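This is start29.cif (mmCIF, C-alpha atoms).
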data_start
loop_
_atom_site.label_atom_id
_atom_site.label_comp_id
_atom_site.auth_asym_id
_atom_site.auth_seq_id
_atom_site.Cartn_x
_atom_site.Cartn_y
_atom_site.Cartn_z
CA MET D 1 152.78 -69.72 207.16
CA LYS D 2 153.68 -68.34 210.59
CA ILE D 3 153.59 -71.84 212.07
CA HIS D 4 155.98 -73.09 209.36
CA LEU D 5 158.43 -70.26 210.10
CA LEU D 6 158.16 -70.82 213.84
CA LEU D 7 158.76 -74.55 213.42
CA SER D 8 161.80 -73.91 211.22
CA LEU D 9 163.17 -71.44 213.78
CA LEU D 10 162.67 -73.89 216.65
CA ILE D 11 164.36 -76.71 214.74
CA SER D 12 167.27 -74.44 213.80
CA LEU D 13 167.60 -73.26 217.39
CA PHE D 14 167.65 -76.83 218.68
CA PHE D 15 170.29 -77.86 216.14
CA THR D 16 172.59 -74.92 216.91
CA THR D 17 172.30 -75.04 220.68
CA SER D 18 172.42 -78.77 221.11
CA THR D 19 174.23 -79.86 224.23
CA PHE D 20 175.83 -82.56 222.13
CA ALA D 21 177.88 -80.03 220.14
CA ALA D 22 180.55 -79.98 222.84
CA ASP D 23 181.38 -83.58 221.90
CA THR D 24 182.31 -82.67 218.31
CA ASN D 25 186.03 -83.48 218.21
CA LYS D 26 186.16 -86.52 220.47
CA GLN D 27 186.82 -90.05 219.31
CA LYS D 28 185.54 -92.66 221.70
CA PRO D 29 187.02 -96.14 221.36
CA THR D 30 185.05 -99.02 222.80
CA HIS D 31 186.83 -102.33 223.15
CA ASN D 32 185.57 -105.88 223.41
CA GLU D 33 187.12 -109.25 222.60
CA ASP D 34 186.37 -109.24 218.89
CA SER D 35 186.41 -105.66 217.69
CA THR D 36 187.08 -102.02 218.26
CA LEU D 37 184.45 -99.34 217.81
CA ILE D 38 185.51 -95.77 217.23
CA ARG D 39 182.77 -93.16 217.32
CA LYS D 40 183.78 -90.08 215.35
CA ASN D 41 182.73 -86.51 214.72
CA TYR D 42 184.64 -84.17 212.43
CA PRO D 43 185.55 -80.58 213.35
CA ASN D 44 184.92 -79.28 209.81
CA LEU D 45 181.33 -80.64 209.71
CA PRO D 46 178.23 -79.51 211.59
CA ALA D 47 177.99 -81.07 215.04
CA PRO D 48 175.41 -83.82 215.47
CA ALA D 49 172.01 -82.47 216.46
CA GLY D 50 171.36 -85.28 218.89
CA PRO D 51 172.96 -88.13 220.81
CA TYR D 52 174.74 -89.78 217.89
CA SER D 53 178.08 -89.75 216.09
CA ILE D 54 178.61 -88.67 212.50
CA ALA D 55 180.49 -91.92 211.90
CA VAL D 56 181.26 -95.16 213.67
CA ARG D 57 184.16 -97.35 212.65
CA HIS D 58 183.88 -101.05 213.42
CA ASN D 59 186.98 -102.97 212.41
CA ASN D 60 187.40 -102.22 208.69
CA THR D 61 183.96 -100.72 208.11
CA LEU D 62 182.93 -97.07 208.45
CA TYR D 63 179.22 -96.34 208.97
CA LEU D 64 178.01 -92.78 208.31
CA SER D 65 174.88 -91.44 209.99
CA GLY D 66 172.31 -89.82 207.74
CA ILE D 67 173.82 -86.62 206.38
CA THR D 68 171.72 -83.68 205.18
CA ALA D 69 172.44 -80.19 203.88
CA PHE D 70 171.34 -78.71 207.23
CA GLY D 71 173.65 -75.86 208.18
CA THR D 72 175.09 -75.52 204.66
CA PRO D 73 174.34 -72.84 202.04
CA ALA D 74 172.33 -75.51 200.15
CA GLN D 75 169.88 -75.99 203.04
CA ASP D 76 167.13 -73.96 201.34
CA LYS D 77 167.94 -75.12 197.80
CA GLY D 78 166.61 -77.94 195.64
CA MET D 79 167.38 -81.61 195.97
CA ALA D 80 170.31 -81.63 193.52
CA GLU D 81 172.07 -78.77 195.32
CA GLN D 82 171.46 -80.43 198.68
CA ALA D 83 172.82 -83.75 197.35
CA LYS D 84 175.99 -81.98 196.16
CA ALA D 85 176.43 -80.42 199.63
CA ILE D 86 175.95 -83.83 201.24
CA PHE D 87 178.56 -85.42 199.02
CA GLU D 88 180.97 -82.59 199.85
CA GLN D 89 180.56 -83.54 203.51
CA ILE D 90 181.00 -87.24 202.69
CA LYS D 91 184.17 -86.44 200.74
CA GLN D 92 185.55 -84.49 203.72
CA ILE D 93 184.96 -87.56 205.87
CA THR D 94 186.53 -89.96 203.37
CA GLN D 95 189.58 -87.70 203.00
CA ALA D 96 189.98 -87.61 206.78
CA GLU D 97 189.79 -91.42 206.81
CA GLY D 98 192.19 -91.89 203.89
CA ILE D 99 189.59 -93.54 201.65
CA GLY D 100 187.47 -92.53 198.67
CA MET D 101 184.38 -93.43 196.68
CA ARG D 102 186.06 -96.65 195.53
CA GLU D 103 185.48 -97.99 199.06
CA LEU D 104 181.77 -97.08 199.12
CA ILE D 105 179.80 -100.27 199.83
CA LYS D 106 176.20 -99.11 200.32
CA VAL D 107 174.09 -95.96 200.40
CA THR D 108 170.59 -95.44 201.69
CA ILE D 109 169.02 -92.30 200.27
CA TYR D 110 165.87 -90.74 201.72
CA VAL D 111 164.04 -88.25 199.50
CA THR D 112 160.91 -86.18 200.08
CA SER D 113 160.05 -86.12 196.36
CA THR D 114 160.77 -88.27 193.33
CA ASP D 115 159.83 -85.53 190.86
CA ASP D 116 163.43 -84.91 189.77
CA ILE D 117 164.79 -88.44 190.18
CA THR D 118 166.52 -88.40 186.77
CA THR D 119 168.66 -85.42 187.81
CA LEU D 120 169.42 -87.09 191.15
CA ARG D 121 170.51 -90.32 189.46
CA GLN D 122 172.81 -88.38 187.11
CA LEU D 123 174.37 -86.58 190.07
CA LEU D 124 174.81 -89.84 191.99
CA SER D 125 176.48 -91.43 188.98
CA GLU D 126 178.98 -88.55 188.84
CA GLN D 127 179.65 -88.71 192.58
CA TYR D 128 180.29 -92.47 192.57
CA GLU D 129 183.15 -92.00 190.07
CA GLY D 130 182.37 -95.34 188.38
CA HIS D 131 182.28 -97.31 191.66
CA ASN D 132 178.53 -97.88 191.97
CA PRO D 133 177.56 -99.09 195.46
CA ALA D 134 174.60 -101.14 196.58
CA SER D 135 171.80 -98.62 197.04
CA SER D 136 168.33 -98.08 198.45
CA LEU D 137 166.17 -95.08 197.56
CA ILE D 138 163.31 -94.42 199.96
CA HIS D 139 160.56 -91.85 199.42
CA ILE D 140 159.50 -90.32 202.76
CA ALA D 141 157.03 -87.67 203.92
CA GLY D 142 159.64 -85.35 205.46
CA LEU D 143 162.96 -84.89 207.20
CA ALA D 144 164.08 -83.12 210.40
CA ALA D 145 163.54 -79.65 208.92
CA PRO D 146 160.89 -78.83 206.30
CA GLU D 147 163.37 -77.34 203.82
CA LEU D 148 165.43 -80.54 203.67
CA ASN D 149 164.78 -82.73 200.62
CA ILE D 150 167.36 -85.50 200.91
CA GLU D 151 169.37 -87.44 203.50
CA ILE D 152 172.10 -89.95 202.71
CA GLU D 153 173.55 -92.73 204.88
CA ALA D 154 176.68 -94.51 203.69
CA ILE D 155 178.86 -97.52 204.52
CA PHE D 156 182.51 -97.67 203.48
CA ALA D 157 185.14 -100.40 203.58
CA ILE D 158 188.47 -99.38 205.06
CA PRO D 159 191.32 -101.35 203.48
CA GLN D 160 193.77 -103.01 205.83
#
Go ahead and express the file in the form of structure tokens.
Amino acid sequence: MKIHLLLSLLISLFFTTSTFAADTNKQKPTHNEDSTLIRKNYPNLPAPAGPYSIAVRHNNTLYLSGITAFGTPAQDKGMAEQAKAIFEQIKQITQAEGIGMRELIKVTIYVTSTDDITTLRQLLSEQYEGHNPASSLIHIAGLAAPELNIEIEAIFAIPQ
């Protein structure tokens, strides 16, 4: 039990003191002949815990990194509560980008348990607002912190 608490504390400490947090509000365009990449973080969301961006826009496509409930009140809750917190973060991103769930192309969902999959599917159906994306559901042994139960990656189209 002490090892579990120590591991959780170390992970939390790493996530909150990450040297990458200083990069939170910057957008970094990268240009080449065929496209523009814009790497984005959002000031109202937790800073990335490592050397990655929350989102990367390539032409008319927005790719979201895996989002968890880490750093939210739902962090220590069940999968359904964590999924709701994740979708709140996704909705903050889509609002900032001027898009919505209608533009959701694909989700990849990582779960540490499939025990309550019926509840998760119901929640996903509500979140998609009738615009069901392509989807993959992957059962995994664990996520970055032991209390996390679900992580969601998403791809959105950005209309011209």
Please list as a PDB file with C-alpha atoms, in the frame of the given file every residue within 6 Å of D:Ser65, counting all atoms listed in the file and excluding residues in the same chain fewer than 3 positions away.
ATOM      1  CA  ILE D  54     178.610 -88.670 212.500  1.00  0.00           C
ATOM      2  CA  ALA D  55     180.490 -91.920 211.900  1.00  0.00           C
ATOM      3  CA  GLU D 153     173.550 -92.730 204.880  1.00  0.00           C
TER       4      GLU D 153
END
Legend entry - One-decimal distance in Å that lies between atom CA of D:Gly130 and atom CA of D:Leu62: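 Rounded to one decimal, the two atoms are 20.2 Å apart.
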Legend entry - Residue nearest D:Pro146 - candidates D:Met101, D:Ile109, D:Ala69, D:Leu45, atoms counted: all atoms listed in the file: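 When distances to D:Pro146 are compared using all atoms listed in the file, the smallest one comes from D:Ala69.
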Inset, instruction - Pick out the closest residue to D:Thr68 from this set: D:Glu81, D:Glu97, D:Glu151, D:Glu129. Count only C-alpha atoms. - result: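 Ranked by minimum distance to D:Thr68, first place goes to D:Glu151.
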Legend entry - atom CA of D:Ala49 to atom CA of D:Tyr128, distance in Å rounded to a single decimal: 27.2 Å
Picked residues, the PyMOL selection byres ((chain D and resi 82) around 12), as a PDB file with C-alpha atoms, in the frame of the given file:
ATOM      1  CA  ILE D  67     173.820 -86.620 206.380  1.00  0.00           C
ATOM      2  CA  THR D  68     171.720 -83.680 205.180  1.00  0.00           C
ATOM      3  CA  ALA D  69     172.440 -80.190 203.880  1.00  0.00           C
ATOM      4  CA  PHE D  70     171.340 -78.710 207.230  1.00  0.00           C
ATOM      5  CA  GLY D  71     173.650 -75.860 208.180  1.00  0.00           C
ATOM      6  CA  THR D  72     175.090 -75.520 204.660  1.00  0.00           C
ATOM      7  CA  PRO D  73     174.340 -72.840 202.040  1.00  0.00           C
ATOM      8  CA  ALA D  74     172.330 -75.510 200.150  1.00  0.00           C
ATOM      9  CA  GLN D  75     169.880 -75.990 203.040  1.00  0.00           C
ATOM     10  CA  ASP D  76     167.130 -73.960 201.340  1.00  0.00           C
ATOM     11  CA  LYS D  77     167.940 -75.120 197.800  1.00  0.00           C
ATOM     12  CA  GLY D  78     166.610 -77.940 195.640  1.00  0.00           C
ATOM     13  CA  MET D  79     167.380 -81.610 195.970  1.00  0.00           C
ATOM     14  CA  ALA D  80     170.310 -81.630 193.520  1.00  0.00           C
ATOM     15  CA  GLU D  81     172.070 -78.770 195.320  1.00  0.00           C
ATOM     16  CA  ALA D  83     172.820 -83.750 197.350  1.00  0.00           C
ATOM     17  CA  LYS D  84     175.990 -81.980 196.160  1.00  0.00           C
ATOM     18  CA  ALA D  85     176.430 -80.420 199.630  1.00  0.00           C
ATOM     19  CA  ILE D  86     175.950 -83.830 201.240  1.00  0.00           C
ATOM     20  CA  PHE D  87     178.560 -85.420 199.020  1.00  0.00           C
ATOM     21  CA  GLU D  88     180.970 -82.590 199.850  1.00  0.00           C
ATOM     22  CA  GLN D  89     180.560 -83.540 203.510  1.00  0.00           C
ATOM     23  CA  VAL D 111     164.040 -88.250 199.500  1.00  0.00           C
ATOM     24  CA  LEU D 120     169.420 -87.090 191.150  1.00  0.00           C
ATOM     25  CA  LEU D 123     174.370 -86.580 190.070  1.00  0.00           C
ATOM     26  CA  GLU D 147     163.370 -77.340 203.820  1.00  0.00           C
ATOM     27  CA  LEU D 148     165.430 -80.540 203.670  1.00  0.00           C
ATOM     28  CA  ASN D 149     164.780 -82.730 200.620  1.00  0.00           C
ATOM     29  CA  ILE D 150     167.360 -85.500 200.910  1.00  0.00           C
ATOM     30  CA  GLU D 151     169.370 -87.440 203.500  1.00  0.00           C
ATOM     31  CA  ILE D 152     172.100 -89.950 202.710  1.00  0.00           C
TER      32      ILE D 152
END
Evaluating the PyMOL selection byres ((chain D and resi 57) around 8) on the displayed file yields which residues, as a PDB file with C-alpha atoms, in the coordinates of the input?
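See expr_1.pdb below for the written result:
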ATOM      1  CA  THR D  36     187.080-102.020 218.260  1.00  0.00           C
ATOM      2  CA  LEU D  37     184.450 -99.340 217.810  1.00  0.00           C
ATOM      3  CA  ILE D  38     185.510 -95.770 217.230  1.00  0.00           C
ATOM      4  CA  ARG D  39     182.770 -93.160 217.320  1.00  0.00           C
ATOM      5  CA  LYS D  40     183.780 -90.080 215.350  1.00  0.00           C
ATOM      6  CA  ALA D  55     180.490 -91.920 211.900  1.00  0.00           C
ATOM      7  CA  VAL D  56     181.260 -95.160 213.670  1.00  0.00           C
ATOM      8  CA  HIS D  58     183.880-101.050 213.420  1.00  0.00           C
ATOM      9  CA  ASN D  59     186.980-102.970 212.410  1.00  0.00           C
ATOM     10  CA  ASN D  60     187.400-102.220 208.690  1.00  0.00           C
ATOM     11  CA  THR D  61     183.960-100.720 208.110  1.00  0.00           C
ATOM     12  CA  LEU D  62     182.930 -97.070 208.450  1.00  0.00           C
ATOM     13  CA  TYR D  63     179.220 -96.340 208.970  1.00  0.00           C
TER      14      TYR D  63
END
Legend entry - Closest of D:Gln122, D:Thr112, D:Gly98, D:His131 to D:Pro159 - atom-to-atom distances counting all atoms listed in the file: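 Nearest candidate to D:Pro159 out of D:Gln122, D:Thr112, D:Gly98, D:His131: D:Gly98.
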Legend entry - For atom CA of D:Ala134 and atom CA of D:Lys106, the interatomic separation in Å (one decimal):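 Atom-to-atom, atom CA of D:Ala134 to atom CA of D:Lys106, that is 4.5 Å.
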Legend entry - For D:Phe156, the nearest of the candidates D:Thr94, D:Thr114, D:Gln127, D:Thr119, counting all atoms listed in the file: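 Among the listed residues, D:Thr94 lies closest to D:Phe156.
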Take every atom of stretch 73-78 of chain D listed in the file, fit an axis-aligned box around them, add 5 Å per side, and give the centre and edge lengths in Å to one decimal as JSON.
{"center_x": 170.5, "center_y": -75.4, "center_z": 199.3, "size_x": 17.7, "size_y": 15.1, "size_z": 17.4}
Inset, instruction - I would like the residues chosen by the PyMOL selection byres ((chain D and resi 136) around 8) on the shown file; could you give them as a list in words? - result: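 With the PyMOL selection byres ((chain D and resi 136) around 8) on this model, the match is Val107, Thr108, Ile109, Ala134, Ser135, Leu137 and Ile138 of chain D.
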Inset, instruction - Point out the residue among D:Ala96, D:Glu103, D:Ala144, D:Ser53 with the least atom-to-atom distance to D:Ile158, counting only C-alpha atoms. - result: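 Using only C-alpha atoms, the shortest distance to D:Ile158 belongs to D:Glu103.
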Legend entry - Shortest interatomic distance to D:Asn41 - which of D:Ala157, D:Thr118, D:Gln92, D:Ala145, counting only C-alpha atoms: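 For D:Asn41, the nearest of the given residues is D:Gln92.
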